[in-house]
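Structure file data03.pdb with PDB, C-alpha atoms:
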ATOM      1  CA  MET A   1      17.296   8.759 -18.011  1.00  0.00           C
ATOM      2  CA  ILE A   2      15.131   8.078 -14.939  1.00  0.00           C
ATOM      3  CA  GLU A   3      12.130   7.533 -17.207  1.00  0.00           C
ATOM      4  CA  SER A   4      14.043   4.990 -19.311  1.00  0.00           C
ATOM      5  CA  ILE A   5      15.088   3.098 -16.150  1.00  0.00           C
ATOM      6  CA  ASP A   6      11.467   3.183 -14.981  1.00  0.00           C
ATOM      7  CA  ILE A   7      10.241   1.755 -18.300  1.00  0.00           C
ATOM      8  CA  ALA A   8      12.998  -0.872 -18.449  1.00  0.00           C
ATOM      9  CA  LEU A   9      12.227  -2.004 -14.893  1.00  0.00           C
ATOM     10  CA  PHE A  10       8.504  -2.041 -15.686  1.00  0.00           C
ATOM     11  CA  LYS A  11       9.108  -4.266 -18.744  1.00  0.00           C
ATOM     12  CA  PHE A  12      11.340  -6.592 -16.728  1.00  0.00           C
ATOM     13  CA  ILE A  13       8.748  -7.048 -13.975  1.00  0.00           C
ATOM     14  CA  ASN A  14       5.688  -7.064 -16.229  1.00  0.00           C
ATOM     15  CA  LYS A  15       7.049  -9.185 -19.081  1.00  0.00           C
ATOM     16  CA  THR A  16      10.287 -10.967 -18.231  1.00  0.00           C
ATOM     17  CA  LEU A  17       9.102 -12.230 -14.851  1.00  0.00           C
ATOM     18  CA  SER A  18       5.735 -13.249 -16.304  1.00  0.00           C
ATOM     19  CA  ASN A  19       4.703 -16.812 -15.425  1.00  0.00           C
ATOM     20  CA  GLY A  20       1.562 -18.703 -14.494  1.00  0.00           C
ATOM     21  CA  VAL A  21       2.186 -18.774 -10.747  1.00  0.00           C
ATOM     22  CA  PHE A  22       2.829 -15.018 -10.555  1.00  0.00           C
ATOM     23  CA  ASP A  23      -0.130 -14.363 -12.865  1.00  0.00           C
ATOM     24  CA  PHE A  24      -2.380 -16.056 -10.308  1.00  0.00           C
ATOM     25  CA  LEU A  25      -0.751 -14.639  -7.150  1.00  0.00           C
ATOM     26  CA  MET A  26      -0.275 -11.051  -8.296  1.00  0.00           C
ATOM     27  CA  VAL A  27      -3.900 -10.736  -9.391  1.00  0.00           C
ATOM     28  CA  LYS A  28      -4.951 -11.997  -5.946  1.00  0.00           C
ATOM     29  CA  PHE A  29      -2.528  -9.653  -4.137  1.00  0.00           C
ATOM     30  CA  SER A  30      -4.080  -6.653  -5.945  1.00  0.00           C
ATOM     31  CA  ASP A  31      -7.640  -7.724  -5.104  1.00  0.00           C
ATOM     32  CA  LYS A  32      -9.133  -5.997  -2.033  1.00  0.00           C
ATOM     33  CA  LEU A  33     -11.573  -8.857  -1.440  1.00  0.00           C
ATOM     34  CA  PHE A  34      -8.739 -11.402  -1.279  1.00  0.00           C
ATOM     35  CA  TRP A  35      -7.451  -9.720   1.893  1.00  0.00           C
ATOM     36  CA  ILE A  36     -10.754  -9.670   3.839  1.00  0.00           C
ATOM     37  CA  PRO A  37      -9.970 -12.837   5.860  1.00  0.00           C
ATOM     38  CA  PHE A  38      -6.570 -11.363   6.709  1.00  0.00           C
ATOM     39  CA  TYR A  39      -8.133  -8.080   7.873  1.00  0.00           C
ATOM     40  CA  VAL A  40     -10.660  -9.983  10.000  1.00  0.00           C
ATOM     41  CA  LEU A  41      -7.781 -11.891  11.614  1.00  0.00           C
ATOM     42  CA  VAL A  42      -5.873  -8.653  12.286  1.00  0.00           C
ATOM     43  CA  ILE A  43      -8.956  -7.112  13.919  1.00  0.00           C
ATOM     44  CA  PHE A  44      -9.462 -10.235  16.025  1.00  0.00           C
ATOM     45  CA  LEU A  45      -5.820 -10.292  17.180  1.00  0.00           C
ATOM     46  CA  LEU A  46      -5.807  -6.547  17.911  1.00  0.00           C
ATOM     47  CA  THR A  47      -8.976  -6.839  19.951  1.00  0.00           C
ATOM     48  CA  LYS A  48      -7.569  -9.787  21.847  1.00  0.00           C
ATOM     49  CA  GLU A  49      -4.261  -8.049  22.615  1.00  0.00           C
ATOM     50  CA  TYR A  50      -5.275  -4.416  23.087  1.00  0.00           C
ATOM     51  CA  LYS A  51      -8.854  -4.784  24.383  1.00  0.00           C
ATOM     52  CA  LYS A  52     -10.407  -1.278  24.607  1.00  0.00           C
ATOM     53  CA  LYS A  53      -7.394   0.385  22.954  1.00  0.00           C
ATOM     54  CA  SER A  54      -8.037  -1.686  19.826  1.00  0.00           C
ATOM     55  CA  LEU A  55     -10.872   0.672  18.839  1.00  0.00           C
ATOM     56  CA  LEU A  56      -8.516   3.654  18.800  1.00  0.00           C
ATOM     57  CA  ILE A  57      -5.900   1.616  16.927  1.00  0.00           C
ATOM     58  CA  LEU A  58      -8.420   0.491  14.306  1.00  0.00           C
ATOM     59  CA  LEU A  59      -9.780   4.008  13.924  1.00  0.00           C
ATOM     60  CA  SER A  60      -6.225   5.310  13.461  1.00  0.00           C
ATOM     61  CA  VAL A  61      -5.382   2.649  10.860  1.00  0.00           C
ATOM     62  CA  ILE A  62      -8.621   3.261   8.950  1.00  0.00           C
ATOM     63  CA  LEU A  63      -7.998   7.003   8.983  1.00  0.00           C
ATOM     64  CA  ALA A  64      -4.391   6.492   7.827  1.00  0.00           C
ATOM     65  CA  ALA A  65      -5.474   4.291   4.905  1.00  0.00           C
ATOM     66  CA  SER A  66      -8.314   6.685   4.043  1.00  0.00           C
ATOM     67  CA  ALA A  67      -6.013   9.705   4.155  1.00  0.00           C
ATOM     68  CA  SER A  68      -3.390   8.015   1.979  1.00  0.00           C
ATOM     69  CA  ASP A  69      -6.072   6.979  -0.507  1.00  0.00           C
ATOM     70  CA  PHE A  70      -7.548  10.487  -0.641  1.00  0.00           C
ATOM     71  CA  ILE A  71      -4.184  12.247  -0.936  1.00  0.00           C
ATOM     72  CA  SER A  72      -2.834   9.874  -3.581  1.00  0.00           C
ATOM     73  CA  SER A  73      -6.059   9.749  -5.637  1.00  0.00           C
ATOM     74  CA  LYS A  74      -7.499  13.234  -5.268  1.00  0.00           C
ATOM     75  CA  VAL A  75      -4.393  15.374  -4.799  1.00  0.00           C
ATOM     76  CA  PHE A  76      -1.361  13.802  -6.465  1.00  0.00           C
ATOM     77  CA  LYS A  77      -2.860  11.835  -9.379  1.00  0.00           C
ATOM     78  CA  PRO A  78      -4.623  14.913 -10.815  1.00  0.00           C
ATOM     79  CA  MET A  79      -1.482  16.963 -10.195  1.00  0.00           C
ATOM     80  CA  PHE A  80       0.882  14.552 -11.979  1.00  0.00           C
ATOM     81  CA  GLU A  81      -1.569  13.453 -14.717  1.00  0.00           C
ATOM     82  CA  ARG A  82       0.645  10.484 -15.568  1.00  0.00           C
ATOM     83  CA  THR A  83      -0.803   7.907 -17.946  1.00  0.00           C
ATOM     84  CA  ARG A  84      -0.834   4.356 -16.631  1.00  0.00           C
ATOM     85  CA  PRO A  85       1.440   1.889 -18.462  1.00  0.00           C
ATOM     86  CA  CYS A  86      -1.612  -0.220 -19.357  1.00  0.00           C
ATOM     87  CA  HIS A  87      -2.757   2.667 -21.585  1.00  0.00           C
ATOM     88  CA  GLU A  88       0.638   2.998 -23.292  1.00  0.00           C
ATOM     89  CA  LEU A  89       0.165   0.804 -26.339  1.00  0.00           C
ATOM     90  CA  SER A  90       3.838   1.174 -27.293  1.00  0.00           C
ATOM     91  CA  LEU A  91       4.752  -0.790 -24.157  1.00  0.00           C
ATOM     92  CA  THR A  92       2.410  -3.672 -25.048  1.00  0.00           C
ATOM     93  CA  PRO A  93       2.014  -4.478 -21.366  1.00  0.00           C
ATOM     94  CA  ASN A  94       0.548  -7.666 -19.933  1.00  0.00           C
ATOM     95  CA  VAL A  95      -2.505  -6.219 -18.177  1.00  0.00           C
ATOM     96  CA  LEU A  96      -3.966  -8.685 -15.680  1.00  0.00           C
ATOM     97  CA  VAL A  97      -6.356  -6.462 -13.696  1.00  0.00           C
ATOM     98  CA  ASN A  98      -8.731  -3.595 -14.386  1.00  0.00           C
ATOM     99  CA  CYS A  99      -6.800  -0.583 -15.623  1.00  0.00           C
ATOM    100  CA  GLY A 100      -8.383   2.598 -14.328  1.00  0.00           C
ATOM    101  CA  ASN A 101      -8.256   6.001 -15.982  1.00  0.00           C
ATOM    102  CA  ASN A 102      -7.457   7.949 -12.827  1.00  0.00           C
ATOM    103  CA  GLY A 103      -3.731   8.351 -13.368  1.00  0.00           C
ATOM    104  CA  SER A 104      -0.701   6.377 -12.430  1.00  0.00           C
ATOM    105  CA  MET A 105       1.375   8.533 -10.069  1.00  0.00           C
ATOM    106  CA  PRO A 106       1.392   7.598  -7.227  1.00  0.00           C
ATOM    107  CA  SER A 107       0.069   4.094  -6.682  1.00  0.00           C
ATOM    108  CA  SER A 108      -2.814   4.273  -4.210  1.00  0.00           C
ATOM    109  CA  HIS A 109      -2.442   0.557  -3.460  1.00  0.00           C
ATOM    110  CA  ALA A 110       1.176   1.152  -2.430  1.00  0.00           C
ATOM    111  CA  ALA A 111       0.306   4.282  -0.440  1.00  0.00           C
ATOM    112  CA  ASN A 112      -2.570   2.663   1.437  1.00  0.00           C
ATOM    113  CA  HIS A 113      -0.773  -0.547   2.306  1.00  0.00           C
ATOM    114  CA  PHE A 114       2.486   1.115   3.310  1.00  0.00           C
ATOM    115  CA  ALA A 115       0.501   3.497   5.548  1.00  0.00           C
ATOM    116  CA  VAL A 116      -0.973   0.471   7.325  1.00  0.00           C
ATOM    117  CA  ALA A 117       2.360  -1.381   7.393  1.00  0.00           C
ATOM    118  CA  VAL A 118       4.299   1.535   8.885  1.00  0.00           C
ATOM    119  CA  PHE A 119       1.579   2.119  11.466  1.00  0.00           C
ATOM    120  CA  PHE A 120       1.741  -1.518  12.636  1.00  0.00           C
ATOM    121  CA  VAL A 121       5.535  -1.654  12.537  1.00  0.00           C
ATOM    122  CA  LEU A 122       5.640   1.416  14.776  1.00  0.00           C
ATOM    123  CA  LEU A 123       2.898   0.037  17.018  1.00  0.00           C
ATOM    124  CA  TYR A 124       4.774  -3.210  17.633  1.00  0.00           C
ATOM    125  CA  GLY A 125       8.239  -1.675  17.380  1.00  0.00           C
ATOM    126  CA  PHE A 126      11.164  -2.277  15.052  1.00  0.00           C
ATOM    127  CA  LYS A 127      12.694  -4.605  17.641  1.00  0.00           C
ATOM    128  CA  ASN A 128      10.048  -7.160  16.749  1.00  0.00           C
ATOM    129  CA  LEU A 129      11.868  -8.222  13.575  1.00  0.00           C
ATOM    130  CA  LYS A 130       9.302 -10.840  12.504  1.00  0.00           C
ATOM    131  CA  ASN A 131       6.557  -8.238  12.692  1.00  0.00           C
ATOM    132  CA  THR A 132       8.584  -5.666  10.752  1.00  0.00           C
ATOM    133  CA  VAL A 133       9.518  -8.152   8.031  1.00  0.00           C
ATOM    134  CA  PHE A 134       5.936  -9.404   7.807  1.00  0.00           C
ATOM    135  CA  TRP A 135       4.286  -5.982   7.395  1.00  0.00           C
ATOM    136  CA  PHE A 136       6.856  -4.628   4.956  1.00  0.00           C
ATOM    137  CA  THR A 137       6.795  -7.841   2.911  1.00  0.00           C
ATOM    138  CA  TRP A 138       2.981  -7.716   2.801  1.00  0.00           C
ATOM    139  CA  ALA A 139       2.966  -4.074   1.613  1.00  0.00           C
ATOM    140  CA  PHE A 140       5.820  -4.721  -0.842  1.00  0.00           C
ATOM    141  CA  LEU A 141       4.040  -7.694  -2.447  1.00  0.00           C
ATOM    142  CA  ILE A 142       0.868  -5.681  -2.953  1.00  0.00           C
ATOM    143  CA  ALA A 143       2.855  -2.777  -4.400  1.00  0.00           C
ATOM    144  CA  PHE A 144       4.918  -5.123  -6.600  1.00  0.00           C
ATOM    145  CA  SER A 145       1.714  -6.724  -7.878  1.00  0.00           C
ATOM    146  CA  ARG A 146       0.644  -3.370  -9.309  1.00  0.00           C
ATOM    147  CA  ILE A 147       3.721  -3.290 -11.554  1.00  0.00           C
ATOM    148  CA  TYR A 148       3.473  -6.974 -12.434  1.00  0.00           C
ATOM    149  CA  ASN A 149      -0.210  -6.559 -13.318  1.00  0.00           C
ATOM    150  CA  GLY A 150       0.663  -3.749 -15.735  1.00  0.00           C
ATOM    151  CA  VAL A 151      -1.129  -0.841 -14.073  1.00  0.00           C
ATOM    152  CA  HIS A 152       1.765   1.105 -12.479  1.00  0.00           C
ATOM    153  CA  TYR A 153       5.365   1.991 -13.188  1.00  0.00           C
ATOM    154  CA  PRO A 154       7.969   1.218 -10.496  1.00  0.00           C
ATOM    155  CA  SER A 155       8.342   4.936  -9.696  1.00  0.00           C
ATOM    156  CA  ASP A 156       4.563   5.160  -9.069  1.00  0.00           C
ATOM    157  CA  VAL A 157       4.880   2.385  -6.519  1.00  0.00           C
ATOM    158  CA  ILE A 158       7.974   3.890  -4.868  1.00  0.00           C
ATOM    159  CA  VAL A 159       6.354   7.319  -4.539  1.00  0.00           C
ATOM    160  CA  GLY A 160       3.144   5.684  -3.268  1.00  0.00           C
ATOM    161  CA  ALA A 161       5.098   3.659  -0.707  1.00  0.00           C
ATOM    162  CA  LEU A 162       6.951   6.747   0.544  1.00  0.00           C
ATOM    163  CA  LEU A 163       3.736   8.760   0.739  1.00  0.00           C
ATOM    164  CA  GLY A 164       2.010   5.943   2.604  1.00  0.00           C
ATOM    165  CA  ALA A 165       4.943   5.504   4.978  1.00  0.00           C
ATOM    166  CA  LEU A 166       4.827   9.206   5.853  1.00  0.00           C
ATOM    167  CA  ILE A 167       1.076   9.093   6.413  1.00  0.00           C
ATOM    168  CA  GLY A 168       1.376   5.904   8.488  1.00  0.00           C
ATOM    169  CA  PHE A 169       4.013   7.634  10.633  1.00  0.00           C
ATOM    170  CA  ILE A 170       1.830  10.733  11.110  1.00  0.00           C
ATOM    171  CA  PHE A 171      -1.225   8.699  12.079  1.00  0.00           C
ATOM    172  CA  TYR A 172       0.826   6.581  14.463  1.00  0.00           C
ATOM    173  CA  LYS A 173       1.986   9.788  16.181  1.00  0.00           C
ATOM    174  CA  LEU A 174      -1.649  10.993  16.297  1.00  0.00           C
ATOM    175  CA  TYR A 175      -2.632   7.641  17.801  1.00  0.00           C
ATOM    176  CA  ILE A 176       0.044   7.993  20.526  1.00  0.00           C
ATOM    177  CA  PHE A 177      -1.055  11.567  21.255  1.00  0.00           C
ATOM    178  CA  SER A 178      -4.752  10.564  21.407  1.00  0.00           C
ATOM    179  CA  SER A 179      -4.012   7.503  23.507  1.00  0.00           C
ATOM    180  CA  GLN A 180      -2.050   9.563  26.029  1.00  0.00           C
ATOM    181  CA  ARG A 181      -4.770  12.222  26.170  1.00  0.00           C
ATOM    182  CA  LEU A 182      -7.465   9.606  26.736  1.00  0.00           C
ATOM    183  CA  SER A 183      -5.372   7.876  29.424  1.00  0.00           C
ATOM    184  CA  SER A 184      -4.776  11.120  31.310  1.00  0.00           C
ATOM    185  CA  LYS A 185      -8.520  11.819  31.402  1.00  0.00           C
ATOM    186  CA  SER A 186      -9.384   8.456  32.936  1.00  0.00           C
TER     187      SER A 186
END

Starting from the file, give its structure as structure tokens.
Amino acid sequence: MIESIDIALFKFINKTLSNGVFDFLMVKFSDKLFWIPFYVLVIFLLTKEYKKKSLLILLSVILAASASDFISSKVFKPMFERTRPCHELSLTPNVLVNCGNNGSMPSSHAANHFAVAVFFVLLYGFKNLKNTVFWFTWAFLIAFSRIYNGVHYPSDVIVGALLGALIGFIFYKLYIFSSQRLSSKS
């Protein structure tokens, strides 16, 4: 039953919602290079706001994204061995981006971006509603693009997002611990 809901939702997002504007945007949202100017801006703003602490923040975010990528790609994908929807010819998916052979469950894009999003939401606090909405919308759009582009099922994205959120939380806590330790030594 869950698998049939997953497939039906995949078909709805990948086929029914298909249109020229989304075709353009979702391919861009999945492209790592598209986000480089955004990442440069984030680094600039962090450096401006947090000065010396920005190095520890950036290191923590990079480690969180790296850990989520490693765990999703090297631990869970081989464990689940789920075929990507773009390789399921019976689905006749609209495939708009490169379809890897490294498994579908979980989505590394979702894991990596939700790890970063949760880290920044925790850094700035949930009380900053604009910040929270921004980071979760950003991560959601990237995760959604993976379904729209035909390379992940919705459940892959949900599991990836949950994994990434957990890793983002852990690395935020490690950042707080490290920051406090460094402050007490100065």

message = I'd like the interatomic distance between atom CA of Gly168 of chain A and atom CA of Cys99 of chain A, to a tenth of an Å.
response =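 Straight-line distance from atom CA of Gly168 of chain A to atom CA of Cys99 of chain A works out to 26.3 Å.
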
task = For Ile167 of chain A, please output as number ranges by chain all residues within 7 Å (counting all atoms listed in the file; exclusion window: fewer than 6 positions along the same chain).
result = A: 64, 68, 115

message = Taking the file as I've supplied it (selection: the PyMOL selection byres ((chain A and resi 119) around 8)), which residues are included? Please answer as number ranges by chain.
response = A: 61, 115-118, 120-123, 168-169, 171-172

request  = Give me, please, the distance in Å between atom CA of Ala165 of chain A and atom CA of Ala139 of chain A, quoted to one decimal.
outcome  =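 Going from atom CA of Ala165 of chain A over to atom CA of Ala139 of chain A, I get 10.3 Å.
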
message = Take the PyMOL selection byres ((chain A and resi 152-163) around 7), run it mentally on this structure, and tell me the resulting residues as a ChimeraX atom specification.
response = /A:6,9-10,84-85,104-108,110-111,114,143,146-147,150-151,164-167

ask   = Closest to Phe70 of chain A among A:Arg82, A:Lys32, A:Arg181, A:His109, using all atoms listed in the file?
value =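 The shortest atom-to-atom distance to Phe70 of chain A comes from A:His109.
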
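Using all atoms listed in the file, the nearest neighbour of Asn98 of chain A within the list A:Leu55, A:Ile176, A:Ile2, A:Val27 is A:Val27.
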
key: Point-to-point distance in Å for atom CA of Pro37 of chain A and atom CA of Gly100 of chain A   =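 According to the coordinates, atom CA of Gly100 of chain A and atom CA of Pro37 of chain A are separated by 25.5 Å.
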
Near-Pro78 of chain A list (8 Å; only C-alpha atoms; drop same-chain fewer than 4 positions) as a PyMOL selection string = chain A and resi 73-74+102-103

inquiry  = as a count of residues only, please: the residues near segment 39-41 of chain A (cut-off 12 Å, only C-alpha atoms, same-chain neighbours under 5 positions excluded).
reply    = 11

key: For Ile170 of chain A, the nearest of the candidates A:Thr16, A:Ser4, A:Ser60, A:Ser30, counting only C-alpha atoms   =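 Answer, going by the shortest atom-to-atom distance: A:Ser60.
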
task = Would you list the residues near (5.5, -4.5, -24.6) (no more than 12 Å away, in the coordinates of the file, using all atoms listed in the file) as a PyMOL selection string?
result = chain A and resi 7-8+10-16+85-95+150

How big is the axis-aligned box around all listed atoms of segment 2-7 of chain A once 3 Å goes on each side, and where's its centre, in Å to one decimal, as lines of an AutoDock Vina configuration file?
center_x = 12.7
center_y = 4.9
center_z = -17.1
size_x = 10.9
size_y = 12.3
size_z = 10.4

remark   = One residue among A:Ile71, A:Leu59, A:Asn149, A:Leu174 is nearest to Asp31 of chain A when using all atoms listed in the file, and that residue is A:Asn149

query = Between A:Phe126, A:Phe177, A:Phe140, A:Tyr148, which has the minimum distance to Phe24 of chain A (counting only C-alpha atoms)?
reply =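 Of A:Phe126, A:Phe177, A:Phe140, A:Tyr148, the one nearest Phe24 of chain A is A:Tyr148, counting only C-alpha atoms.
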
With the input short on atoms, add N, CA and C atoms back to segment 17-35 of chain A and write it as a compact mmCIF listing (two decimals), in the frame of the given file.
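Generated file (part-v5.txt):
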# COMPACT_ATOMS: atom_id res chain seq x y z
N LEU A 17 9.43 -11.39 -16.00
CA LEU A 17 9.10 -12.23 -14.85
C LEU A 17 7.77 -12.96 -15.01
N SER A 18 7.07 -12.68 -16.09
CA SER A 18 5.74 -13.25 -16.30
C SER A 18 5.75 -14.78 -16.30
N ASN A 19 4.87 -15.36 -15.48
CA ASN A 19 4.70 -16.81 -15.42
C ASN A 19 3.34 -17.11 -14.80
N GLY A 20 2.89 -18.31 -14.94
CA GLY A 20 1.56 -18.70 -14.49
C GLY A 20 1.33 -18.54 -13.00
N VAL A 21 2.33 -18.88 -12.21
CA VAL A 21 2.19 -18.77 -10.75
C VAL A 21 2.04 -17.31 -10.35
N PHE A 22 2.92 -16.45 -10.86
CA PHE A 22 2.83 -15.02 -10.56
C PHE A 22 1.53 -14.43 -11.11
N ASP A 23 1.13 -14.87 -12.30
CA ASP A 23 -0.13 -14.36 -12.86
C ASP A 23 -1.27 -14.58 -11.88
N PHE A 24 -1.33 -15.74 -11.27
CA PHE A 24 -2.38 -16.06 -10.31
C PHE A 24 -2.21 -15.25 -9.02
N LEU A 25 -0.99 -15.29 -8.44
CA LEU A 25 -0.75 -14.64 -7.15
C LEU A 25 -0.87 -13.12 -7.21
N MET A 26 -0.29 -12.52 -8.23
CA MET A 26 -0.28 -11.05 -8.30
C MET A 26 -1.67 -10.47 -8.51
N VAL A 27 -2.51 -11.19 -9.25
CA VAL A 27 -3.90 -10.74 -9.39
C VAL A 27 -4.59 -10.79 -8.03
N LYS A 28 -4.37 -11.87 -7.29
CA LYS A 28 -4.95 -12.00 -5.95
C LYS A 28 -4.43 -10.91 -5.02
N PHE A 29 -3.11 -10.65 -5.03
CA PHE A 29 -2.53 -9.65 -4.14
C PHE A 29 -3.09 -8.25 -4.39
N SER A 30 -3.50 -7.96 -5.62
CA SER A 30 -4.08 -6.65 -5.94
C SER A 30 -5.56 -6.55 -5.60
N ASP A 31 -6.20 -7.68 -5.33
CA ASP A 31 -7.64 -7.72 -5.10
C ASP A 31 -7.98 -7.43 -3.64
N LYS A 32 -8.75 -6.37 -3.41
CA LYS A 32 -9.13 -6.00 -2.03
C LYS A 32 -9.89 -7.12 -1.33
N LEU A 33 -10.75 -7.80 -2.05
CA LEU A 33 -11.57 -8.86 -1.44
C LEU A 33 -10.74 -10.05 -0.97
N PHE A 34 -9.63 -10.30 -1.64
CA PHE A 34 -8.74 -11.40 -1.28
C PHE A 34 -8.23 -11.25 0.15
N TRP A 35 -8.05 -10.00 0.59
CA TRP A 35 -7.45 -9.72 1.89
C TRP A 35 -8.46 -9.65 3.04
